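**Student:** What follows is start_31.csv; its format and atoms are CSV, C-alpha atoms and all ligand atoms.
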chain,number,residue,atom,x,y,z
A,1,MET,CA,-1.0,10.0,81.9
A,2,ASN,CA,1.1,12.2,84.2
A,3,SER,CA,4.7,11.0,83.5
A,4,PRO,CA,5.9,11.0,79.9
A,5,PHE,CA,6.8,7.8,78.0
A,6,ALA,CA,4.0,5.6,79.4
A,7,THR,CA,4.8,2.2,78.0
A,8,THR,CA,2.4,-0.1,76.3
A,9,LEU,CA,2.5,-3.0,73.8
A,10,ALA,CA,1.0,-3.6,70.3
A,11,GLY,CA,-1.2,-6.3,71.6
A,12,SER,CA,-0.5,-10.0,71.5
A,13,LEU,CA,1.8,-12.0,73.9
A,14,PRO,CA,2.8,-15.7,73.8
A,15,LYS,CA,0.3,-18.1,75.2
A,16,PRO,CA,1.2,-20.7,77.9
A,17,ARG,CA,2.0,-24.1,76.3
A,18,TRP,CA,-0.8,-25.7,78.2
A,19,LEU,CA,-3.2,-23.4,76.4
A,20,ALA,CA,-1.9,-23.5,72.8
A,21,GLU,CA,1.2,-24.6,70.9
A,22,PRO,CA,3.9,-22.0,71.6
A,23,GLU,CA,5.7,-19.9,69.0
A,24,LYS,CA,3.0,-20.4,66.4
A,25,LEU,CA,0.5,-18.2,64.8
A,26,TRP,CA,-3.2,-19.4,64.9
A,27,ALA,CA,-2.2,-22.4,67.1
A,28,PRO,CA,-5.1,-24.6,68.0
A,29,TRP,CA,-6.4,-24.6,71.6
A,30,LYS,CA,-5.2,-27.5,73.7
A,31,LEU,CA,-8.3,-27.3,76.0
A,32,SER,CA,-12.1,-27.2,75.3
A,33,GLY,CA,-15.4,-26.3,76.9
A,34,ASP,CA,-15.2,-25.0,80.5
A,35,GLU,CA,-11.5,-25.9,80.7
A,36,LEU,CA,-10.8,-23.7,77.8
A,37,ALA,CA,-12.8,-20.8,79.2
A,38,GLU,CA,-11.0,-21.1,82.6
A,39,GLY,CA,-7.6,-21.6,80.9
A,40,LYS,CA,-8.0,-18.4,78.9
A,41,ARG,CA,-8.8,-16.4,82.1
A,42,ASP,CA,-5.8,-17.9,83.8
A,43,ALA,CA,-3.6,-17.0,80.9
A,44,VAL,CA,-4.9,-13.4,81.1
A,45,ARG,CA,-4.0,-13.4,84.8
A,46,LEU,CA,-0.5,-14.5,84.0
A,47,VAL,CA,0.1,-11.9,81.2
A,48,VAL,CA,-1.3,-9.1,83.4
A,49,ALA,CA,1.0,-10.1,86.3
A,50,MET,CA,3.9,-10.3,83.8
A,51,GLN,CA,3.3,-6.8,82.4
A,52,GLU,CA,2.8,-5.2,85.8
A,53,LYS,CA,6.0,-6.8,87.1
A,54,ALA,CA,7.9,-5.7,84.0
A,55,GLY,CA,6.7,-2.1,84.6
A,56,ILE,CA,4.3,-1.6,81.6
A,57,ASP,CA,1.8,1.2,82.1
A,58,VAL,CA,-1.0,0.5,79.6
A,59,LEU,CA,-1.7,-3.2,79.7
A,60,SER,CA,-3.3,-5.6,77.2
A,61,ASP,CA,-4.8,-9.1,77.7
A,62,GLY,CA,-2.1,-10.3,75.4
A,63,GLU,CA,-4.9,-11.6,73.1
A,64,GLN,CA,-4.9,-14.8,75.2
A,65,THR,CA,-8.7,-15.2,74.5
A,66,ARG,CA,-8.3,-15.5,70.7
A,67,ARG,CA,-6.3,-17.7,68.3
A,68,HIS,CA,-5.7,-15.0,65.7
A,69,PHE,CA,-6.0,-11.2,65.7
A,70,VAL,CA,-8.3,-11.2,62.7
A,71,ASN,CA,-10.0,-14.6,62.5
A,72,GLY,CA,-10.4,-14.7,66.3
A,73,TYR,CA,-12.9,-11.8,66.0
A,74,MET,CA,-14.5,-12.8,62.6
A,75,GLU,CA,-15.4,-16.3,63.7
A,76,LYS,CA,-17.9,-14.8,66.2
A,77,LEU,CA,-19.8,-13.0,63.4
A,78,GLU,CA,-22.6,-14.2,61.2
A,79,GLY,CA,-22.4,-14.2,57.4
A,80,ILE,CA,-19.0,-15.8,57.2
A,81,ASP,CA,-18.3,-19.5,56.4
A,82,PHE,CA,-15.3,-20.8,58.3
A,83,LYS,CA,-15.8,-24.4,57.1
A,84,ASN,CA,-15.2,-24.1,53.4
A,85,LEU,CA,-12.1,-22.0,53.1
A,86,LYS,CA,-10.8,-20.4,49.9
A,87,THR,CA,-7.1,-19.8,49.0
A,88,VAL,CA,-6.5,-16.1,48.4
A,89,HIS,CA,-3.5,-14.0,47.8
A,90,ILE,CA,-3.6,-11.7,50.9
A,91,ARG,CA,-1.7,-8.4,51.7
A,92,ASN,CA,-0.5,-8.6,48.1
A,93,ARG,CA,2.1,-10.9,49.6
A,94,TYR,CA,1.2,-14.6,50.3
A,95,ASP,CA,-1.5,-17.2,49.8
A,96,ALA,CA,-3.7,-18.1,52.7
A,97,ASN,CA,-6.7,-20.2,53.3
A,98,VAL,CA,-9.4,-17.7,54.3
A,99,PRO,CA,-13.0,-17.8,55.3
A,100,ARG,CA,-15.8,-16.8,52.8
A,101,VAL,CA,-18.3,-14.0,53.2
A,102,VAL,CA,-21.6,-15.8,52.2
A,103,GLY,CA,-24.2,-13.3,53.4
A,104,ALA,CA,-24.7,-10.0,55.2
A,105,VAL,CA,-22.2,-9.8,58.1
A,106,SER,CA,-23.6,-9.2,61.6
A,107,ARG,CA,-22.6,-9.5,65.3
A,108,PRO,CA,-25.2,-11.7,67.1
A,109,ALA,CA,-23.7,-10.7,70.5
A,110,PRO,CA,-20.8,-8.6,71.9
A,111,VAL,CA,-17.6,-10.6,71.3
A,112,HIS,CA,-15.1,-9.2,73.9
A,113,GLU,CA,-17.2,-7.3,76.4
A,114,GLU,CA,-16.9,-10.0,79.1
A,115,ASP,CA,-13.1,-10.4,78.3
A,116,ALA,CA,-12.7,-6.6,78.8
A,117,LYS,CA,-14.6,-6.6,82.1
A,118,PHE,CA,-12.4,-9.4,83.3
A,119,LEU,CA,-9.2,-7.6,82.3
A,120,ARG,CA,-10.5,-4.5,84.0
A,121,SER,CA,-11.1,-6.4,87.2
A,122,LEU,CA,-7.4,-7.6,87.3
A,123,THR,CA,-5.5,-4.3,87.4
A,124,SER,CA,-5.8,-0.7,88.4
A,125,ARG,CA,-3.5,0.4,85.5
A,126,LYS,CA,-4.8,1.6,82.2
A,127,ILE,CA,-5.9,-1.1,79.8
A,128,LYS,CA,-6.1,-1.4,76.0
A,129,PHE,CA,-8.1,-3.8,73.9
A,130,THR,CA,-7.2,-4.7,70.3
A,131,LEU,CA,-9.7,-5.3,67.5
A,132,PRO,CA,-8.9,-6.0,63.8
A,133,GLY,CA,-9.4,-2.9,61.5
A,134,PRO,CA,-12.1,-3.0,58.8
A,135,MET,CA,-9.6,-3.1,55.8
A,136,THR,CA,-7.5,-5.9,57.3
A,137,MET,CA,-10.7,-7.9,57.9
A,138,VAL,CA,-11.7,-7.5,54.3
A,139,ASP,CA,-8.2,-8.5,53.2
A,140,THR,CA,-8.4,-11.7,55.2
A,141,LEU,CA,-11.6,-13.0,53.5
A,142,TYR,CA,-13.0,-14.1,50.2
A,143,ASP,CA,-16.1,-12.1,49.5
A,144,GLU,CA,-19.0,-13.8,47.7
A,145,HIS,CA,-21.7,-11.4,48.8
A,146,TYR,CA,-20.9,-7.6,48.8
A,147,GLY,CA,-19.0,-7.4,45.5
A,148,SER,CA,-17.1,-4.3,46.9
A,149,ARG,CA,-14.3,-4.2,49.4
A,150,GLU,CA,-15.4,-0.7,50.5
A,151,LYS,CA,-19.0,-1.9,51.2
A,152,LEU,CA,-17.8,-4.9,53.2
A,153,ALA,CA,-15.4,-2.7,55.1
A,154,MET,CA,-18.2,-0.3,56.1
A,155,ALA,CA,-20.3,-3.2,57.2
A,156,PHE,CA,-17.5,-4.3,59.4
A,157,ALA,CA,-16.9,-0.8,60.6
A,158,GLU,CA,-20.5,-0.6,62.0
A,159,ILE,CA,-20.0,-3.9,63.8
A,160,LEU,CA,-16.6,-2.8,65.2
A,161,ASN,CA,-18.2,0.5,66.3
A,162,GLU,CA,-20.8,-1.3,68.5
A,163,GLU,CA,-18.0,-3.5,69.9
A,164,ALA,CA,-15.7,-0.5,70.7
A,165,LYS,CA,-18.5,1.4,72.4
A,166,GLY,CA,-19.1,-1.7,74.6
A,167,LEU,CA,-15.4,-2.0,75.4
A,168,ALA,CA,-15.3,1.6,76.5
A,169,ARG,CA,-18.4,1.0,78.7
A,170,ALA,CA,-16.5,-2.0,80.2
A,171,GLY,CA,-13.7,0.3,81.4
A,172,VAL,CA,-11.2,0.0,78.5
A,173,ASP,CA,-9.0,3.1,78.2
A,174,VAL,CA,-7.8,2.5,74.6
A,175,VAL,CA,-9.4,0.6,71.8
A,176,GLN,CA,-6.9,-0.2,69.1
A,177,PHE,CA,-7.7,-1.2,65.5
A,178,ASP,CA,-5.0,-3.3,63.8
A,179,GLU,CA,-4.6,-2.3,60.2
A,180,PRO,CA,-1.4,-3.9,58.7
A,181,ALA,CA,-3.3,-3.7,55.4
A,182,PHE,CA,-2.8,0.1,55.6
A,183,ASN,CA,0.8,-0.5,54.6
A,184,VAL,CA,-0.1,-2.2,51.4
A,185,TYR,CA,-3.2,-0.7,49.7
A,186,PHE,CA,-2.5,3.0,49.7
A,187,ASP,CA,-5.2,4.0,47.2
A,188,GLU,CA,-7.8,2.2,49.2
A,189,VAL,CA,-6.6,3.8,52.4
A,190,ARG,CA,-7.1,7.2,50.8
A,191,ASP,CA,-10.4,6.3,49.1
A,192,TRP,CA,-12.2,4.6,52.0
A,193,GLY,CA,-9.8,3.0,54.5
A,194,VAL,CA,-9.5,6.0,56.8
A,195,ALA,CA,-13.2,6.7,56.5
A,196,ALA,CA,-14.0,3.1,57.6
A,197,LEU,CA,-11.7,3.5,60.5
A,198,GLU,CA,-13.4,6.7,61.5
A,199,ARG,CA,-16.8,5.0,61.2
A,200,ALA,CA,-15.5,2.3,63.7
A,201,ARG,CA,-14.4,4.9,66.2
A,202,GLN,CA,-17.5,7.2,65.9
A,203,GLY,CA,-18.9,8.1,69.3
A,204,VAL,CA,-16.5,5.8,71.2
A,205,THR,CA,-15.9,7.4,74.5
A,206,CYS,CA,-12.3,6.1,75.2
A,207,LYS,CA,-9.1,6.8,73.2
A,208,THR,CA,-8.8,5.0,69.9
A,209,ALA,CA,-5.6,3.8,68.3
A,210,VAL,CA,-4.6,2.3,64.9
A,211,HIS,CA,-1.7,-0.1,64.7
A,212,ILE,CA,0.1,-0.1,61.3
A,213,CYS,CA,3.0,-2.4,60.9
A,214,TYR,CA,5.1,-4.5,58.5
A,215,GLY,CA,3.7,-7.7,60.1
A,216,TYR,CA,4.8,-10.5,62.4
A,217,GLY,CA,8.3,-11.8,62.0
A,218,ILE,CA,7.2,-14.7,59.8
A,219,LYS,CA,9.1,-15.7,56.6
A,220,ALA,CA,6.6,-14.2,54.1
A,221,ASN,CA,6.8,-10.8,55.8
A,222,ASN,CA,10.6,-11.0,56.2
A,223,ASP,CA,11.0,-11.8,52.5
A,224,TRP,CA,8.6,-8.9,51.5
A,225,LYS,CA,10.6,-6.5,53.7
A,226,LYS,CA,13.7,-7.3,51.7
A,227,THR,CA,11.9,-6.0,48.5
A,228,LEU,CA,11.1,-2.6,50.1
A,229,GLY,CA,14.5,-1.0,49.7
A,230,ASP,CA,16.7,0.8,52.1
A,231,GLU,CA,14.2,3.4,53.2
A,232,TRP,CA,10.6,2.3,54.0
A,233,ARG,CA,8.4,5.3,53.2
A,234,GLN,CA,5.0,3.6,53.2
A,235,TYR,CA,3.9,5.6,56.2
A,236,GLU,CA,4.4,8.8,54.2
A,237,GLN,CA,1.2,8.1,52.3
A,238,THR,CA,-1.0,7.3,55.3
A,239,PHE,CA,0.3,9.6,58.1
A,240,PRO,CA,-1.1,12.8,56.6
A,241,LEU,CA,-4.5,11.2,56.3
A,242,LEU,CA,-4.4,9.9,59.8
A,243,ALA,CA,-3.2,13.3,61.1
A,244,LYS,CA,-6.5,14.8,59.8
A,245,SER,CA,-8.6,11.9,61.2
A,246,SER,CA,-10.4,11.5,64.5
A,247,ILE,CA,-8.1,8.6,65.6
A,248,ASP,CA,-6.2,9.6,68.8
A,249,GLN,CA,-3.1,7.3,68.6
A,250,VAL,CA,-0.9,5.7,65.9
A,251,SER,CA,1.2,2.6,66.7
A,252,LEU,CA,4.1,1.9,64.3
A,253,GLU,CA,7.4,0.1,64.1
A,254,CYS,CA,10.7,1.9,64.6
A,255,GLN,CA,13.2,-0.5,66.2
A,256,ASN,CA,15.5,-2.1,63.6
A,257,SER,CA,13.2,-0.8,61.0
A,258,HIS,CA,14.0,1.0,57.8
A,259,VAL,CA,11.3,3.6,58.4
A,260,PRO,CA,12.9,7.0,58.5
A,261,ILE,CA,12.0,8.2,62.0
A,262,GLU,CA,11.3,11.8,60.8
A,263,LEU,CA,8.1,10.6,59.2
A,264,ILE,CA,6.4,10.6,62.6
A,265,ALA,CA,6.5,14.4,62.5
A,266,MET,CA,3.6,14.0,60.0
A,267,LEU,CA,1.4,12.7,62.8
A,268,GLN,CA,1.0,16.1,64.3
A,269,GLY,CA,-1.6,16.3,67.2
A,270,LYS,CA,-1.6,12.5,67.6
A,271,ASP,CA,-0.1,10.3,70.3
A,272,VAL,CA,2.6,8.1,68.8
A,273,LEU,CA,3.1,4.6,70.0
A,274,VAL,CA,6.8,4.3,69.1
A,275,GLY,CA,7.9,0.7,68.4
A,276,CYS,CA,11.0,0.2,70.4
A,277,ILE,CA,11.0,-3.6,70.5
A,278,ASP,CA,11.8,-5.7,67.4
A,279,VAL,CA,9.4,-8.6,67.4
A,280,ALA,CA,11.1,-10.4,64.5
A,281,SER,CA,14.3,-11.2,66.6
A,282,ASN,CA,15.0,-13.2,69.7
A,283,ARG,CA,17.7,-10.9,70.7
A,284,VAL,CA,16.5,-8.9,73.7
A,285,GLU,CA,17.1,-5.2,73.4
A,286,THR,CA,19.0,-3.4,76.1
A,287,PRO,CA,17.4,-0.5,77.9
A,288,GLU,CA,19.8,1.7,76.0
A,289,ASP,CA,18.6,0.3,72.6
A,290,VAL,CA,15.1,1.3,73.6
A,291,ALA,CA,16.2,4.7,74.9
A,292,LYS,CA,17.9,5.5,71.6
A,293,VAL,CA,14.6,5.1,69.6
A,294,ILE,CA,12.7,7.2,72.2
A,295,ARG,CA,15.4,10.0,72.0
A,296,ALA,CA,15.2,9.9,68.1
A,297,ALA,CA,11.4,10.1,68.3
A,298,MET,CA,11.6,13.1,70.7
A,299,LYS,CA,13.2,15.2,67.9
A,300,HIS,CA,10.0,15.0,65.9
A,301,VAL,CA,7.2,14.5,68.5
A,302,PRO,CA,6.6,16.2,71.9
A,303,ALA,CA,7.6,14.0,74.8
A,304,GLU,CA,4.1,13.9,76.2
A,305,ARG,CA,2.8,12.4,73.0
A,306,ILE,CA,5.3,9.5,73.0
A,307,PHE,CA,4.3,6.1,74.2
A,308,PRO,CA,7.2,3.5,74.0
A,309,CYS,CA,5.7,0.3,72.5
A,310,THR,CA,6.5,-2.9,70.7
A,311,ASN,CA,6.8,-2.9,66.9
A,312,CYS,CA,4.0,-5.5,66.6
A,313,GLY,CA,2.5,-8.4,68.5
A,314,MET,CA,4.8,-10.9,70.3
A,315,VAL,CA,2.7,-14.1,70.0
A,316,PRO,CA,5.4,-15.9,67.8
A,317,LEU,CA,8.1,-15.4,70.5
A,318,SER,CA,8.9,-17.5,73.5
A,319,ARG,CA,7.4,-16.4,76.8
A,320,ASP,CA,10.9,-15.8,78.3
A,321,VAL,CA,12.0,-13.6,75.4
A,322,ALA,CA,8.8,-11.6,75.4
A,323,GLU,CA,9.0,-11.0,79.1
A,324,ALA,CA,12.6,-9.9,78.9
A,325,LYS,CA,11.7,-7.6,76.0
A,326,LEU,CA,8.9,-6.0,78.1
A,327,ARG,CA,11.4,-5.4,80.9
A,328,ALA,CA,13.8,-3.7,78.5
A,329,LEU,CA,11.0,-1.6,77.2
A,330,ALA,CA,10.1,-0.3,80.6
A,331,ALA,CA,13.7,0.2,81.7
A,332,GLY,CA,14.5,2.1,78.5
A,333,ALA,CA,11.5,4.4,79.0
A,334,GLN,CA,12.7,5.0,82.6
A,335,LEU,CA,16.2,5.9,81.4
A,336,VAL,CA,14.8,8.7,79.1
A,337,ARG,CA,12.3,9.8,81.8
A,338,LYS,CA,15.2,10.4,84.2
A,339,GLU,CA,17.1,12.3,81.5
A,340,VAL,CA,14.2,14.6,80.8
A,341,THR,CA,13.4,15.2,84.5
A,342,GLY,CA,17.1,15.8,85.2
A,343,ALA,CA,17.2,18.3,82.3
A,344,ALA,CA,14.1,20.1,83.6
A,345,LEU,CA,15.7,20.5,87.0
A,346,ALA,CA,19.1,21.7,85.8
A,347,PRO,CA,19.7,25.4,86.0
A,348,ALA,CA,19.2,27.3,82.8
B,401,ZN,ZN,1.6,-5.5,63.8
Go ahead and render the structure in this file as structure tokens.
**Tutor:**
Amino acid sequence: MNSPFATTLAGSLPKPRWLAEPEKLWAPWKLSGDELAEGKRDAVRLVVAMQEKAGIDVLSDGEQTRRHFVNGYMEKLEGIDFKNLKTVHIRNRYDANVPRVVGAVSRPAPVHEEDAKFLRSLTSRKIKFTLPGPMTMVDTLYDEHYGSREKLAMAFAEILNEEAKGLARAGVDVVQFDEPAFNVYFDEVRDWGVAALERARQGVTCKTAVHICYGYGIKANNDWKKTLGDEWRQYEQTFPLLAKSSIDQVSLECQNSHVPIELIAMLQGKDVLVGCIDVASNRVETPEDVAKVIRAAMKHVPAERIFPCTNCGMVPLSRDVAEAKLRALAAGAQLVRKEVTGAALAPA
């Protein structure tokens, strides 16, 4: 990336209301069969056009092809029963009805390779593709087969590795693994979480990112955040491990967050996808709000390693709000770009 502050997004964007119920997580599809397949592609066309118009540099498909960032992937795998769900306390935070692992997990066919090729055909800009991370997959299931979260995570890591290699071959520039569970299970992150992530990225020829957040702006997450105190130092435990890892980029939340920004200095040598857009609020940031976060990040990370981004996925927002937030993100990055260029040209 030539100019600093290339903008990108965590992943998801709202779906059109003719495709799925708006402002809802895991909303059922409104179409089926060939209509659904065509509808998903049309929705991807719309979000690509929206991101290009807003001035985003590294585009995603907005996760228009899947209902949920974890289950949307897992439902294409074998060894998992999606019919008879089990209620489990997930993320140490809330009860959810989750699928059951009933046998060895495997991927009968590539899940997103065709989606990635289609996205690649729509734009000449860089593209990223998101996949769930191994630990977050394990934490969104009830295991009746492996008897070990680590073993199951490693089985998923091998599957994700094949998927990520295929996405890179399809022309994807960044494969991102979403690991919100990394903000919850610190001992497991240390013992096997980062190892599983590195297994998933092994030999992948494009850049790889990990997204670690405090979750979508849903009630269970907002209530949990209230218990975390004034300063959120969860990243302090994972960043040193990630700095030593083979992952290229780390995506995290900073806008309206209680995360002390200086923690990002621990990610030495990594690209930092700095969350400049709050996804838990309908208030649209001003370009100056965005610029403030970028300037704060610049005190701890070299400018060329900063990628202004959203805090998390935007699927629960309205399309208008999401679009306005993307425009603010690009405009805020442009503000700081001008400042930096101006400073470079000024006489010493
Ligand atoms: Zn997130």
**Student:** Taking (-24.7, -10.1, 64.0) in the file's coordinates as the center, which residues reach within 10 Å of it, counting all atoms listed in the file, put as a count of residues only?
**Tutor:** 12
**Student:** Select the residues contacting ligand ZN 401 (chain B) at a distance of at most 7 Å, based on all atoms listed in the file, then format the selection as a ChimeraX atom specification.
**Tutor:** /A:10,178,180,211-216,311-313
**Student:** What does the distance from CA of Arg41 in chain A to CA of Met314 in chain A come to in Å, to one decimal?
**Tutor:**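 Result for CA of Arg41 in chain A versus CA of Met314 in chain A: 18.8 Å, one decimal.
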**Student:** How many Å lie between CA of His68 in chain A and CA of Thr136 in chain A, rounded to one decimal?
**Tutor:**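 Straight-line distance from CA of His68 in chain A to CA of Thr136 in chain A works out to 12.5 Å.
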**Student:** For each of A:Ala37, A:Ala196, A:Ala243, A:Val293, take the minimum atom-to-atom distance to Ser257 in chain A, counting only C-alpha atoms, then give the residue where this is smallest.
**Tutor:** A:Val293
**Student:** Please identify all polymer residues lying at most 12 Å from the point (5.9, -14.1, 51.2) (file coordinates), using all atoms listed in the file, and present the result as number ranges by chain.
**Tutor:** A: 89-96, 215-227
**Student:** Could the residues in this selection be saved with C-alpha atoms as an mmCIF file, in the coordinates of the input?
**Tutor:**
data_model
loop_
_atom_site.group_PDB
_atom_site.id
_atom_site.type_symbol
_atom_site.label_atom_id
_atom_site.label_comp_id
_atom_site.auth_asym_id
_atom_site.auth_seq_id
_atom_site.Cartn_x
_atom_site.Cartn_y
_atom_site.Cartn_z
ATOM 1 C CA HIS A 89 -3.500 -14.000 47.800
ATOM 2 C CA ILE A 90 -3.600 -11.700 50.900
ATOM 3 C CA ARG A 91 -1.700 -8.400 51.700
ATOM 4 C CA ASN A 92 -0.500 -8.600 48.100
ATOM 5 C CA ARG A 93 2.100 -10.900 49.600
ATOM 6 C CA TYR A 94 1.200 -14.600 50.300
ATOM 7 C CA ASP A 95 -1.500 -17.200 49.800
ATOM 8 C CA ALA A 96 -3.700 -18.100 52.700
ATOM 9 C CA GLY A 215 3.700 -7.700 60.100
ATOM 10 C CA TYR A 216 4.800 -10.500 62.400
ATOM 11 C CA GLY A 217 8.300 -11.800 62.000
ATOM 12 C CA ILE A 218 7.200 -14.700 59.800
ATOM 13 C CA LYS A 219 9.100 -15.700 56.600
ATOM 14 C CA ALA A 220 6.600 -14.200 54.100
ATOM 15 C CA ASN A 221 6.800 -10.800 55.800
ATOM 16 C CA ASN A 222 10.600 -11.000 56.200
ATOM 17 C CA ASP A 223 11.000 -11.800 52.500
ATOM 18 C CA TRP A 224 8.600 -8.900 51.500
ATOM 19 C CA LYS A 225 10.600 -6.500 53.700
ATOM 20 C CA LYS A 226 13.700 -7.300 51.700
ATOM 21 C CA THR A 227 11.900 -6.000 48.500
#
**Student:** I want to know what sits within 12 Å of Ala297 in chain A, based on all atoms listed in the file, with residues of the same chain fewer than 4 positions away left out; could you give that as a PyMOL selection string?
**Tutor:** chain A and resi 5+252-255+259-265+267+271-276+290-293+301-308+336
**Student:** May I have the selected residues written with C-alpha atoms, as an mmCIF file, in the coordinates of the input?
**Tutor:**
data_model
loop_
_atom_site.group_PDB
_atom_site.id
_atom_site.type_symbol
_atom_site.label_atom_id
_atom_site.label_comp_id
_atom_site.auth_asym_id
_atom_site.auth_seq_id
_atom_site.Cartn_x
_atom_site.Cartn_y
_atom_site.Cartn_z
ATOM 1 C CA PHE A 5 6.800 7.800 78.000
ATOM 2 C CA LEU A 252 4.100 1.900 64.300
ATOM 3 C CA GLU A 253 7.400 0.100 64.100
ATOM 4 C CA CYS A 254 10.700 1.900 64.600
ATOM 5 C CA GLN A 255 13.200 -0.500 66.200
ATOM 6 C CA VAL A 259 11.300 3.600 58.400
ATOM 7 C CA PRO A 260 12.900 7.000 58.500
ATOM 8 C CA ILE A 261 12.000 8.200 62.000
ATOM 9 C CA GLU A 262 11.300 11.800 60.800
ATOM 10 C CA LEU A 263 8.100 10.600 59.200
ATOM 11 C CA ILE A 264 6.400 10.600 62.600
ATOM 12 C CA ALA A 265 6.500 14.400 62.500
ATOM 13 C CA LEU A 267 1.400 12.700 62.800
ATOM 14 C CA ASP A 271 -0.100 10.300 70.300
ATOM 15 C CA VAL A 272 2.600 8.100 68.800
ATOM 16 C CA LEU A 273 3.100 4.600 70.000
ATOM 17 C CA VAL A 274 6.800 4.300 69.100
ATOM 18 C CA GLY A 275 7.900 0.700 68.400
ATOM 19 C CA CYS A 276 11.000 0.200 70.400
ATOM 20 C CA VAL A 290 15.100 1.300 73.600
ATOM 21 C CA ALA A 291 16.200 4.700 74.900
ATOM 22 C CA LYS A 292 17.900 5.500 71.600
ATOM 23 C CA VAL A 293 14.600 5.100 69.600
ATOM 24 C CA VAL A 301 7.200 14.500 68.500
ATOM 25 C CA PRO A 302 6.600 16.200 71.900
ATOM 26 C CA ALA A 303 7.600 14.000 74.800
ATOM 27 C CA GLU A 304 4.100 13.900 76.200
ATOM 28 C CA ARG A 305 2.800 12.400 73.000
ATOM 29 C CA ILE A 306 5.300 9.500 73.000
ATOM 30 C CA PHE A 307 4.300 6.100 74.200
ATOM 31 C CA PRO A 308 7.200 3.500 74.000
ATOM 32 C CA VAL A 336 14.800 8.700 79.100
#
**Student:** Residues at most 9 Å from Val210 in chain A, counting only C-alpha atoms, excluding those fewer than 5 positions away in the same chain, as an MDAnalysis selection string?
**Tutor:** chainID A and resid 133 175:179 197 247:252
**Student:** For a test of reading the model, state the distance in Å between CA of Ser124 in chain A and CA of Met50 in chain A, rounded to one decimal.
**Tutor:**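 Interatomic distance, CA of Ser124 in chain A to CA of Met50 in chain A: 14.4 Å.
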**Student:** Measuring between only C-alpha atoms, which one of A:Gly229, A:Asp278, A:Phe182, A:Met74 shows the shortest distance to Leu242 in chain A?
**Tutor:**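 Closest residue, counting only C-alpha atoms: A:Phe182.
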**Student:** What's around range 19-36 of chain A at 8 Å? Count all atoms listed in the file, leave out sequence neighbours fewer than 6 positions away in its own chain, and write the answer as a PDB file with C-alpha atoms, keeping the file's coordinate frame.
**Tutor:**
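part_12.pdb, freshly written:
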ATOM      1  CA  ALA A  43      -3.600 -17.000  80.900  1.00  0.00           C
ATOM      2  CA  ARG A  67      -6.300 -17.700  68.300  1.00  0.00           C
ATOM      3  CA  HIS A  68      -5.700 -15.000  65.700  1.00  0.00           C
ATOM      4  CA  VAL A 315       2.700 -14.100  70.000  1.00  0.00           C
ATOM      5  CA  PRO A 316       5.400 -15.900  67.800  1.00  0.00           C
ATOM      6  CA  LEU A 317       8.100 -15.400  70.500  1.00  0.00           C
ATOM      7  CA  SER A 318       8.900 -17.500  73.500  1.00  0.00           C
TER       8      SER A 318
END
**Student:** Kindly indicate which residue among A:Gln268, A:Thr7, A:Gln234, A:Thr130 lies nearest to Ala181 in chain A, using all atoms listed in the file for the distances.
**Tutor:**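 Smallest separation from Ala181 in chain A among the options: A:Gln234.
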**Student:** Between A:Lys299, A:Lys270, A:Lys207, A:Arg199, single out the one closest to Phe156 in chain A, counting all atoms listed in the file.
**Tutor:** A:Arg199
**Student:** So that I can see what lies close to Gln237 in chain A, please list as a compact mmCIF listing (two decimals) with C-alpha atoms, keeping the file's coordinate frame the residues with an atom at most 9 Å from it, counting only C-alpha atoms and leaving out residues fewer than 2 positions away in the same chain.
**Tutor:**
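Ended up saving to part-v9.txt:
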# COMPACT_ATOMS: atom_id res chain seq x y z
CA ASN A 183 0.80 -0.50 54.60
CA PHE A 186 -2.50 3.00 49.70
CA VAL A 189 -6.60 3.80 52.40
CA ARG A 190 -7.10 7.20 50.80
CA ARG A 233 8.40 5.30 53.20
CA GLN A 234 5.00 3.60 53.20
CA TYR A 235 3.90 5.60 56.20
CA PHE A 239 0.30 9.60 58.10
CA PRO A 240 -1.10 12.80 56.60
CA LEU A 241 -4.50 11.20 56.30
**Student:** Which neighbours of Arg100 in chain A fall inside 10 Å, counting only C-alpha atoms, when residues of the same chain fewer than 6 positions from it are skipped, and could you give them as an mmCIF file with C-alpha atoms, in the frame of the given file?
**Tutor:**
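See part.cif below for the written result:
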data_model
loop_
_atom_site.group_PDB
_atom_site.id
_atom_site.type_symbol
_atom_site.label_atom_id
_atom_site.label_comp_id
_atom_site.auth_asym_id
_atom_site.auth_seq_id
_atom_site.Cartn_x
_atom_site.Cartn_y
_atom_site.Cartn_z
ATOM 1 C CA GLY A 79 -22.400 -14.200 57.400
ATOM 2 C CA ILE A 80 -19.000 -15.800 57.200
ATOM 3 C CA ASP A 81 -18.300 -19.500 56.400
ATOM 4 C CA PHE A 82 -15.300 -20.800 58.300
ATOM 5 C CA LYS A 83 -15.800 -24.400 57.100
ATOM 6 C CA ASN A 84 -15.200 -24.100 53.400
ATOM 7 C CA LEU A 85 -12.100 -22.000 53.100
ATOM 8 C CA LYS A 86 -10.800 -20.400 49.900
ATOM 9 C CA THR A 87 -7.100 -19.800 49.000
ATOM 10 C CA THR A 140 -8.400 -11.700 55.200
ATOM 11 C CA LEU A 141 -11.600 -13.000 53.500
ATOM 12 C CA TYR A 142 -13.000 -14.100 50.200
ATOM 13 C CA ASP A 143 -16.100 -12.100 49.500
ATOM 14 C CA GLU A 144 -19.000 -13.800 47.700
ATOM 15 C CA HIS A 145 -21.700 -11.400 48.800
#
**Student:** So, counting only C-alpha atoms, which residue among A:Glu288, A:Asp115, A:Glu63, A:Glu339 is closest to Pro132 in chain A?
**Tutor:** A:Glu63
**Student:** Rank nothing, just name the residue among A:Leu326, A:Leu131, A:Ala296, A:Gln64 nearest to Thr310 in chain A, using all atoms listed in the file.
**Tutor:**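 For Thr310 in chain A, the nearest of the given residues is A:Leu326.
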